[in-house]
Amino acid sequence: VLLPIIFVLYSECGSTNLLVLTTAMDNVLSYDRQMLLGWGMLAVFAVKIPLMPVHLWLPEAHVAAPTAGSVLLAGVLLKLGGIGFIRFMIPTVPAFIATVFPLVACMCLASFLFSTLSTIRQVDLKKIVAYSSIAHMALVTMAIFSMSEFSVYSSTFMMIAHGLVSPGLFLLVGLLYERAHTKFLLYFSGLGSHMPVFATCFFLLTCANLSFPLFPNFIAEVLCLVSLFAVHEVYAYVFCVAQVLGAVYAFWGFNRIIHGYTNTGVLNVNVCDLSRFEVALVTPLMLGVFWLGIKPM
C-alpha cells in the first residue's frame with residue numbers, strides 16, 4: 001500500500017524529500033488528493049502501530065519471537081507507526097487529519113477497550129504484555145490526531161516511556177521462560193519467596209506499565225489526556241475510566257505470579273534468582289524509567 005502512495009507523492013511534487021513535500025503541500029495537493037493519500041497512509045501506519053482491527057499480528061509475533069526480538073519489537077519497531085503519523089501524515093495531509101479525527105478516535109477507543117479487556121483473558125505472559133502495548137499505542141494515536149498544543153510532545157514522550165517499560169517486561173518474561181520453559185500464567189505462583197530480585201523488578205515495571213505516579217508512563221498519560229481534553233472531553237473521560245482496567249490486569253498478573261504457594265510441578269523450589277549478568281541487563285532500562293519518571297524534562 002505504501003509504494004503507490006509514494007508514487008503519487010512523487011508524481012504530484014516531483015520529489016520524495018520530506019522537506020520538499022511539507023513546503024509544497026499547500027500549493028500542490030487538493031483536498032481530494034489529500035484524502036486519497038491520507039487513507040493510504042492511515043492504512044499503513046495503523047497496521048504498524050497497531051490499531052484495531054489490524055492488531056492481531058502483534059501478540060502472535062511476540063509469542064513466536066525470542067526475547068531479543070520481543071524487546072526490539074516493543075522498544076523500537078512499534079514506534080515507527082507513531083513516527084509516520086507525526087513526520088509524514090501531519091505535515092503532508094493536514095486536511096485529512098482534521099476530517100477523519102472522529103473516525104480515528106472511535107478506532108482508538110475501540111482498540112484501547114478491546115485490548116484491555118482481552119488482556120484480562122490472556123494466560124500467556126507475553127500476550128499480556130503485548131496487548132497492554134496495543135492499549136498504550138491507541139492512546140498515542142489518539143493524542144497525535146488530536147492536533148492540540150501538546151499532541152506531538154505527549155505522544156513522543158509516551159512512546160519513549162513505553163519503549164523503556166515494555167522491553168523491560170519482555171526481558172523479565174524471557175528470563176523466567178529460561179528457568180521454567182513455559183509462559184503459561186497458571187503454572188506460576190509464589191515466585192516472590194524464591195526470586196526476590198525478580199519480584200522487585202517485576203513489581204516496579206508493572207507499576208510503570210499501569211502508569212503509577214513517579215513513573216514516566218504516568219507523566220505521558222497525563223500529557224496525552226491534556227491533549228484530549230483540549231479537543232473533546234468525552235474521549236478523555238472514556239480513557240480515564242478505561243485506565244482502571246489496566247490496573248486490573250496488571251495487578252492480577254503480578255499477584256498470580258509472585259504471591260501464593262510455589263507450583264513445584266513446573267518450577268523447581270530451589271530455582272535461582274536473577275544473576276548479576278541478568279540484573280545488568282535489566283538495570284539500564286530501570287535507570288531510564290526512574291530518570292524519566294522523576295526528572296522528565
# chains A, B, ... in the order shown; residues from 1 in each chain; ligands from 1
>>> residues_around(residues="Met286 of chain A", least_positions_apart="4", cutoff="12 Å", atoms="only C-alpha atoms", output="list in words")
Ala161, Gly163, Leu164, Val165, Ser166, Pro167, Gly168, Leu169, Leu171, Leu172, Thr200, Cys201, Phe202, Phe203, Leu204, Leu205, Thr206, Ala208, Phe215, Pro216, Val279, Ala280, Leu281, Val282, Phe290, Trp291, Leu292 and Gly293 of chain A
>>> residues_around(residues="Lys183 of chain A", least_positions_apart="6", cutoff="10 Å", atoms="only C-alpha atoms", output="list in words")
Val63, Val123, Asp124, Leu125, Lys126, Lys127, Val173, Gly174, Leu176 and Tyr177 of chain A
>>> closest_residue(among="A:Thr119, A:Tyr131, A:Val8, A:Leu274", to="Val197 of chain A", atoms="only C-alpha atoms")
A:Leu274
>>> residues_around(residues="segment 133-150 of chain A", least_positions_apart="2", cutoff="9 Å", atoms="only C-alpha atoms", output="JSON list (two decimals) with N, CA and C atoms, in the first residue's frame")
[["chain", "number", "residue", "atom", "x", "y", "z"],
["A", 46, "ALA", "N", -1.60, 2.38, 10.60],
["A", 46, "ALA", "CA", -2.50, 1.74, 11.57],
["A", 46, "ALA", "C", -2.11, 0.28, 11.78],
["A", 49, "ILE", "N", 1.25, 0.40, 13.98],
["A", 49, "ILE", "CA", 1.34, 0.91, 15.35],
["A", 49, "ILE", "C", 0.90, -0.07, 16.47],
["A", 50, "PRO", "N", -0.01, -1.01, 16.43],
["A", 50, "PRO", "CA", -1.15, -1.19, 15.54],
["A", 50, "PRO", "C", -2.46, -0.77, 16.20],
["A", 51, "LEU", "N", -3.52, -0.62, 15.38],
["A", 51, "LEU", "CA", -4.85, -0.29, 15.87],
["A", 51, "LEU", "C", -5.82, -1.41, 15.51],
["A", 52, "MET", "N", -6.87, -1.52, 16.29],
["A", 52, "MET", "CA", -7.94, -2.44, 15.97],
["A", 52, "MET", "C", -8.62, -1.96, 14.69],
["A", 55, "HIS", "N", -4.68, -5.48, 14.48],
["A", 55, "HIS", "CA", -3.71, -5.55, 15.57],
["A", 55, "HIS", "C", -3.32, -6.97, 15.95],
["A", 58, "LEU", "N", 0.41, -8.51, 16.29],
["A", 58, "LEU", "CA", 1.38, -8.15, 17.33],
["A", 58, "LEU", "C", 1.49, -9.21, 18.44],
["A", 74, "ALA", "N", 9.02, -4.26, 20.68],
["A", 74, "ALA", "CA", 8.30, -3.35, 21.58],
["A", 74, "ALA", "C", 9.02, -2.03, 21.76],
["A", 78, "LEU", "N", 7.60, -0.76, 17.04],
["A", 78, "LEU", "CA", 6.24, -0.26, 17.20],
["A", 78, "LEU", "C", 6.16, 1.25, 17.05],
["A", 79, "LYS", "N", 7.26, 1.95, 17.36],
["A", 79, "LYS", "CA", 7.24, 3.41, 17.32],
["A", 79, "LYS", "C", 7.28, 3.95, 15.90],
["A", 81, "GLY", "N", 5.19, 3.42, 13.55],
["A", 81, "GLY", "CA", 3.87, 3.90, 13.18],
["A", 81, "GLY", "C", 3.59, 5.29, 13.71],
["A", 82, "GLY", "N", 3.95, 5.55, 14.97],
["A", 82, "GLY", "CA", 3.77, 6.89, 15.52],
["A", 82, "GLY", "C", 4.65, 7.92, 14.84],
["A", 85, "PHE", "N", 2.99, 8.85, 11.61],
["A", 85, "PHE", "CA", 1.91, 9.81, 11.80],
["A", 85, "PHE", "C", 2.45, 11.23, 11.99],
["A", 86, "ILE", "N", 3.49, 11.35, 12.82],
["A", 86, "ILE", "CA", 3.99, 12.68, 13.16],
["A", 86, "ILE", "C", 4.78, 13.31, 12.02],
["A", 90, "ILE", "N", 0.93, 14.35, 9.39],
["A", 90, "ILE", "CA", 0.56, 15.69, 9.85],
["A", 90, "ILE", "C", 1.08, 16.79, 8.91],
["A", 97, "ILE", "N", -6.25, 14.75, 8.31],
["A", 97, "ILE", "CA", -6.17, 14.56, 9.76],
["A", 97, "ILE", "C", -7.39, 15.17, 10.43],
["A", 98, "ALA", "N", -7.73, 16.41, 10.04],
["A", 98, "ALA", "CA", -8.86, 17.09, 10.65],
["A", 98, "ALA", "C", -10.19, 16.44, 10.28],
["A", 100, "VAL", "N", -10.83, 13.11, 9.43],
["A", 100, "VAL", "CA", -11.08, 11.74, 9.92],
["A", 100, "VAL", "C", -10.83, 11.60, 11.42],
["A", 101, "PHE", "N", -10.62, 12.70, 12.13],
["A", 101, "PHE", "CA", -10.37, 12.59, 13.57],
["A", 101, "PHE", "C", -11.48, 11.86, 14.32],
["A", 104, "VAL", "N", -10.97, 8.09, 13.61],
["A", 104, "VAL", "CA", -9.76, 7.58, 14.26],
["A", 104, "VAL", "C", -9.95, 7.54, 15.78],
["A", 105, "ALA", "N", -10.66, 8.52, 16.33],
["A", 105, "ALA", "CA", -10.93, 8.50, 17.77],
["A", 105, "ALA", "C", -11.74, 7.28, 18.16],
["A", 107, "MET", "N", -11.80, 4.44, 16.51],
["A", 107, "MET", "CA", -10.91, 3.29, 16.35],
["A", 107, "MET", "C", -9.98, 3.15, 17.56],
["A", 108, "CYS", "N", -9.45, 4.28, 18.03],
["A", 108, "CYS", "CA", -8.54, 4.24, 19.18],
["A", 108, "CYS", "C", -9.26, 3.81, 20.45],
["A", 109, "LEU", "N", -10.48, 4.33, 20.65],
["A", 109, "LEU", "CA", -11.24, 3.93, 21.83],
["A", 109, "LEU", "C", -11.58, 2.44, 21.80],
["A", 110, "ALA", "N", -12.01, 1.96, 20.62],
["A", 110, "ALA", "CA", -12.31, 0.54, 20.50],
["A", 110, "ALA", "C", -11.05, -0.31, 20.69],
["A", 111, "SER", "N", -9.94, 0.14, 20.14],
["A", 111, "SER", "CA", -8.68, -0.59, 20.29],
["A", 111, "SER", "C", -8.25, -0.62, 21.75],
["A", 112, "PHE", "N", -8.39, 0.50, 22.44],
["A", 112, "PHE", "CA", -8.00, 0.57, 23.85],
["A", 112, "PHE", "C", -8.86, -0.34, 24.70],
["A", 113, "LEU", "N", -10.18, -0.26, 24.55],
["A", 113, "LEU", "CA", -11.08, -1.07, 25.36],
["A", 113, "LEU", "C", -10.94, -2.56, 25.03],
["A", 114, "PHE", "N", -10.89, -2.89, 23.73],
["A", 114, "PHE", "CA", -10.82, -4.29, 23.34],
["A", 114, "PHE", "C", -9.51, -4.93, 23.79],
["A", 115, "SER", "N", -8.40, -4.23, 23.62],
["A", 115, "SER", "CA", -7.11, -4.79, 24.01],
["A", 115, "SER", "C", -7.01, -4.93, 25.53],
["A", 116, "THR", "N", -7.57, -3.97, 26.26],
["A", 116, "THR", "CA", -7.54, -4.06, 27.72],
["A", 116, "THR", "C", -8.38, -5.21, 28.24],
["A", 128, "ILE", "N", 0.03, -10.98, 27.45],
["A", 128, "ILE", "CA", -0.44, -9.95, 28.39],
["A", 128, "ILE", "C", 0.30, -8.64, 28.16],
["A", 129, "VAL", "N", 1.63, -8.72, 28.04],
["A", 129, "VAL", "CA", 2.42, -7.51, 27.80],
["A", 129, "VAL", "C", 2.13, -6.95, 26.41],
["A", 130, "ALA", "N", 1.92, -7.83, 25.42],
["A", 130, "ALA", "CA", 1.67, -7.38, 24.05],
["A", 130, "ALA", "C", 0.35, -6.64, 23.95],
["A", 131, "TYR", "N", -0.70, -7.16, 24.56],
["A", 131, "TYR", "CA", -1.99, -6.48, 24.50],
["A", 131, "TYR", "C", -1.97, -5.16, 25.26],
["A", 152, "VAL", "N", 2.00, 16.38, 19.86],
["A", 152, "VAL", "CA", 3.24, 15.75, 19.40],
["A", 152, "VAL", "C", 4.16, 15.46, 20.59],
["A", 153, "TYR", "N", 4.28, 16.40, 21.51],
["A", 153, "TYR", "CA", 5.16, 16.19, 22.66],
["A", 153, "TYR", "C", 4.65, 15.05, 23.54],
["A", 154, "SER", "N", 3.35, 15.03, 23.82],
["A", 154, "SER", "CA", 2.82, 13.99, 24.70],
["A", 154, "SER", "C", 2.93, 12.61, 24.07],
["A", 155, "SER", "N", 2.62, 12.50, 22.78],
["A", 155, "SER", "CA", 2.72, 11.20, 22.12],
["A", 155, "SER", "C", 4.17, 10.73, 22.02],
["A", 156, "THR", "N", 5.09, 11.65, 21.77],
["A", 156, "THR", "CA", 6.50, 11.27, 21.71],
["A", 156, "THR", "C", 7.01, 10.80, 23.07],
["A", 158, "MET", "N", 5.21, 9.52, 25.41],
["A", 158, "MET", "CA", 4.56, 8.23, 25.68],
["A", 158, "MET", "C", 5.30, 7.09, 24.97],
["A", 159, "MET", "N", 5.72, 7.33, 23.73],
["A", 159, "MET", "CA", 6.45, 6.30, 23.01],
["A", 159, "MET", "C", 7.80, 6.02, 23.65],
["A", 162, "HIS", "N", 7.07, 4.06, 26.90],
["A", 162, "HIS", "CA", 6.70, 2.68, 26.56],
["A", 162, "HIS", "C", 7.90, 1.90, 26.02],
["A", 166, "SER", "N", 8.04, -1.49, 28.41],
["A", 166, "SER", "CA", 7.61, -2.74, 27.78],
["A", 166, "SER", "C", 8.78, -3.68, 27.46],
["A", 221, "GLU", "N", 0.80, 9.81, 30.12],
["A", 221, "GLU", "CA", -0.65, 9.70, 30.00],
["A", 221, "GLU", "C", -1.34, 10.98, 30.44],
["A", 223, "LEU", "N", -0.14, 13.99, 30.01],
["A", 223, "LEU", "CA", 0.01, 14.89, 28.87],
["A", 223, "LEU", "C", -0.92, 14.50, 27.72],
["A", 224, "CYS", "N", -1.07, 13.20, 27.47],
["A", 224, "CYS", "CA", -1.99, 12.76, 26.42],
["A", 224, "CYS", "C", -3.43, 13.13, 26.77],
["A", 225, "LEU", "N", -3.81, 12.99, 28.03],
["A", 225, "LEU", "CA", -5.16, 13.38, 28.43],
["A", 225, "LEU", "C", -5.35, 14.88, 28.36],
["A", 226, "VAL", "N", -4.32, 15.66, 28.62],
["A", 226, "VAL", "CA", -4.41, 17.10, 28.43],
["A", 226, "VAL", "C", -4.68, 17.43, 26.97],
["A", 227, "SER", "N", -4.01, 16.71, 26.05],
["A", 227, "SER", "CA", -4.25, 16.91, 24.63],
["A", 227, "SER", "C", -5.68, 16.55, 24.25],
["A", 228, "LEU", "N", -6.21, 15.49, 24.84],
["A", 228, "LEU", "CA", -7.58, 15.08, 24.52],
["A", 228, "LEU", "C", -8.60, 16.03, 25.12],
["A", 230, "ALA", "N", -8.30, 19.11, 25.51],
["A", 230, "ALA", "CA", -8.31, 20.33, 24.71],
["A", 230, "ALA", "C", -9.18, 20.20, 23.47],
["A", 231, "VAL", "N", -9.46, 18.98, 23.05],
["A", 231, "VAL", "CA", -10.25, 18.75, 21.83],
["A", 231, "VAL", "C", -11.66, 18.32, 22.17],
["A", 232, "HIS", "N", -11.79, 17.27, 22.97],
["A", 232, "HIS", "CA", -13.11, 16.75, 23.30],
["A", 232, "HIS", "C", -13.04, 16.05, 24.65],
["A", 239, "PHE", "N", -11.17, 7.37, 28.26],
["A", 239, "PHE", "CA", -9.83, 6.85, 28.53],
["A", 239, "PHE", "C", -9.54, 6.80, 30.03],
["A", 246, "GLY", "N", -6.68, -1.32, 33.17],
["A", 246, "GLY", "CA", -5.24, -1.56, 33.11],
["A", 246, "GLY", "C", -4.67, -1.99, 34.45]]
>>> atom_distance(atom1="atom CA of Thr99 of chain A", atom2="atom CA of Asn217 of chain A")
29.3 Å
>>> residues_around(residues="Ala68 of chain A", least_positions_apart="2", cutoff="9 Å", atoms="only C-alpha atoms", output="list in words")
Ala65, Pro66, Ser70, Val71, Leu72, Leu73, Phe170, Leu171 and Gly174 of chain A
>>> select_by_dssp(residues="segment 100-253 of chain A", states="helix (DSSP H, G or I)", output="ChimeraX atom specification")
/A:100-121,125-146,151-180,185-187,191-193,196-209,216-229,233-253
>>> closest_residue(among="A:Leu80, A:Ala250, A:Leu175, A:Val271", to="Ser132 of chain A", atoms="only C-alpha atoms")
A:Ala250
>>> residues_around(residues="Tyr31 of chain A", least_positions_apart="2", cutoff="8 Å", atoms="only C-alpha atoms", output="PyMOL selection string")
chain A and resi 29+33-35+95-96
>>> write_last_selection(atoms="N, CA and C atoms", output="PDB file, in the first residue's frame")
ATOM      1  N   LEU A  29      -1.288  19.819  -3.496  1.00  0.00           N
ATOM      2  CA  LEU A  29      -2.288  18.795  -3.281  1.00  0.00           C
ATOM      3  C   LEU A  29      -3.657  19.407  -3.005  1.00  0.00           C
ATOM      4  N   ARG A  33      -7.069  14.881  -3.291  1.00  0.00           N
ATOM      5  CA  ARG A  33      -5.817  14.135  -3.331  1.00  0.00           C
ATOM      6  C   ARG A  33      -5.272  13.892  -1.920  1.00  0.00           C
ATOM      7  N   GLN A  34      -5.450  14.841  -1.012  1.00  0.00           N
ATOM      8  CA  GLN A  34      -5.047  14.624   0.382  1.00  0.00           C
ATOM      9  C   GLN A  34      -5.848  13.499   1.017  1.00  0.00           C
ATOM     10  N   MET A  35      -7.140  13.422   0.685  1.00  0.00           N
ATOM     11  CA  MET A  35      -7.949  12.331   1.220  1.00  0.00           C
ATOM     12  C   MET A  35      -7.468  10.980   0.694  1.00  0.00           C
ATOM     13  N   ALA A  95      -5.439  18.311   6.075  1.00  0.00           N
ATOM     14  CA  ALA A  95      -6.892  18.317   5.890  1.00  0.00           C
ATOM     15  C   ALA A  95      -7.489  16.940   6.185  1.00  0.00           C
ATOM     16  N   PHE A  96      -6.782  15.904   5.809  1.00  0.00           N
ATOM     17  CA  PHE A  96      -7.258  14.551   6.093  1.00  0.00           C
ATOM     18  C   PHE A  96      -7.267  14.285   7.596  1.00  0.00           C
TER      19      PHE A  96
END
>>> atom_distance(atom1="atom CA of Pro102 of chain A", atom2="atom CA of Phe45 of chain A")
17.3 Å
>>> closest_residue(among="A:Val289, A:Ile257, A:Ile5, A:Leu19", to="Ala43 of chain A", atoms="only C-alpha atoms")
A:Ile5
>>> decode(residues="segment 272-290 of chain A", atoms="N, CA and C atoms", output="short mmCIF file (atom, residue, chain, number, x, y, z; two decimals), in the first residue's frame")
data_model
loop_
_atom_site.label_atom_id
_atom_site.label_comp_id
_atom_site.auth_asym_id
_atom_site.auth_seq_id
_atom_site.Cartn_x
_atom_site.Cartn_y
_atom_site.Cartn_z
N CYS A 272 16.97 -20.50 40.99
CA CYS A 272 17.86 -19.39 41.33
C CYS A 272 17.22 -18.07 40.92
N ASP A 273 17.60 -17.03 41.65
CA ASP A 273 17.13 -15.68 41.34
C ASP A 273 17.93 -15.14 40.16
N LEU A 274 17.67 -13.89 39.81
CA LEU A 274 18.40 -13.27 38.70
C LEU A 274 19.89 -13.20 39.03
N SER A 275 20.71 -13.55 38.06
CA SER A 275 22.16 -13.48 38.24
C SER A 275 22.63 -12.04 38.08
N ARG A 276 23.91 -11.82 38.33
CA ARG A 276 24.44 -10.46 38.17
C ARG A 276 24.38 -10.02 36.72
N PHE A 277 24.63 -10.93 35.81
CA PHE A 277 24.55 -10.59 34.39
C PHE A 277 23.12 -10.21 34.00
N GLU A 278 22.16 -10.95 34.49
CA GLU A 278 20.75 -10.65 34.17
C GLU A 278 20.30 -9.34 34.80
N VAL A 279 20.76 -9.07 36.02
CA VAL A 279 20.47 -7.79 36.64
C VAL A 279 21.08 -6.65 35.84
N ALA A 280 22.29 -6.88 35.31
CA ALA A 280 22.93 -5.86 34.49
C ALA A 280 22.16 -5.61 33.20
N LEU A 281 21.45 -6.62 32.69
CA LEU A 281 20.63 -6.41 31.51
C LEU A 281 19.42 -5.54 31.80
N VAL A 282 18.82 -5.73 32.97
CA VAL A 282 17.59 -5.00 33.31
C VAL A 282 17.90 -3.61 33.85
N THR A 283 19.06 -3.43 34.47
CA THR A 283 19.37 -2.17 35.15
C THR A 283 19.31 -0.94 34.25
N PRO A 284 19.87 -0.94 33.02
CA PRO A 284 19.77 0.28 32.20
C PRO A 284 18.33 0.69 31.91
N LEU A 285 17.45 -0.27 31.68
CA LEU A 285 16.05 0.07 31.46
C LEU A 285 15.43 0.64 32.73
N MET A 286 15.76 0.06 33.88
CA MET A 286 15.22 0.56 35.14
C MET A 286 15.71 1.97 35.44
N LEU A 287 16.99 2.22 35.16
CA LEU A 287 17.52 3.57 35.39
C LEU A 287 16.84 4.58 34.48
N GLY A 288 16.61 4.21 33.21
CA GLY A 288 15.90 5.11 32.31
C GLY A 288 14.48 5.38 32.76
N VAL A 289 13.80 4.36 33.28
CA VAL A 289 12.43 4.53 33.77
C VAL A 289 12.40 5.48 34.96
N PHE A 290 13.30 5.27 35.92
CA PHE A 290 13.31 6.14 37.10
C PHE A 290 13.72 7.56 36.75
#
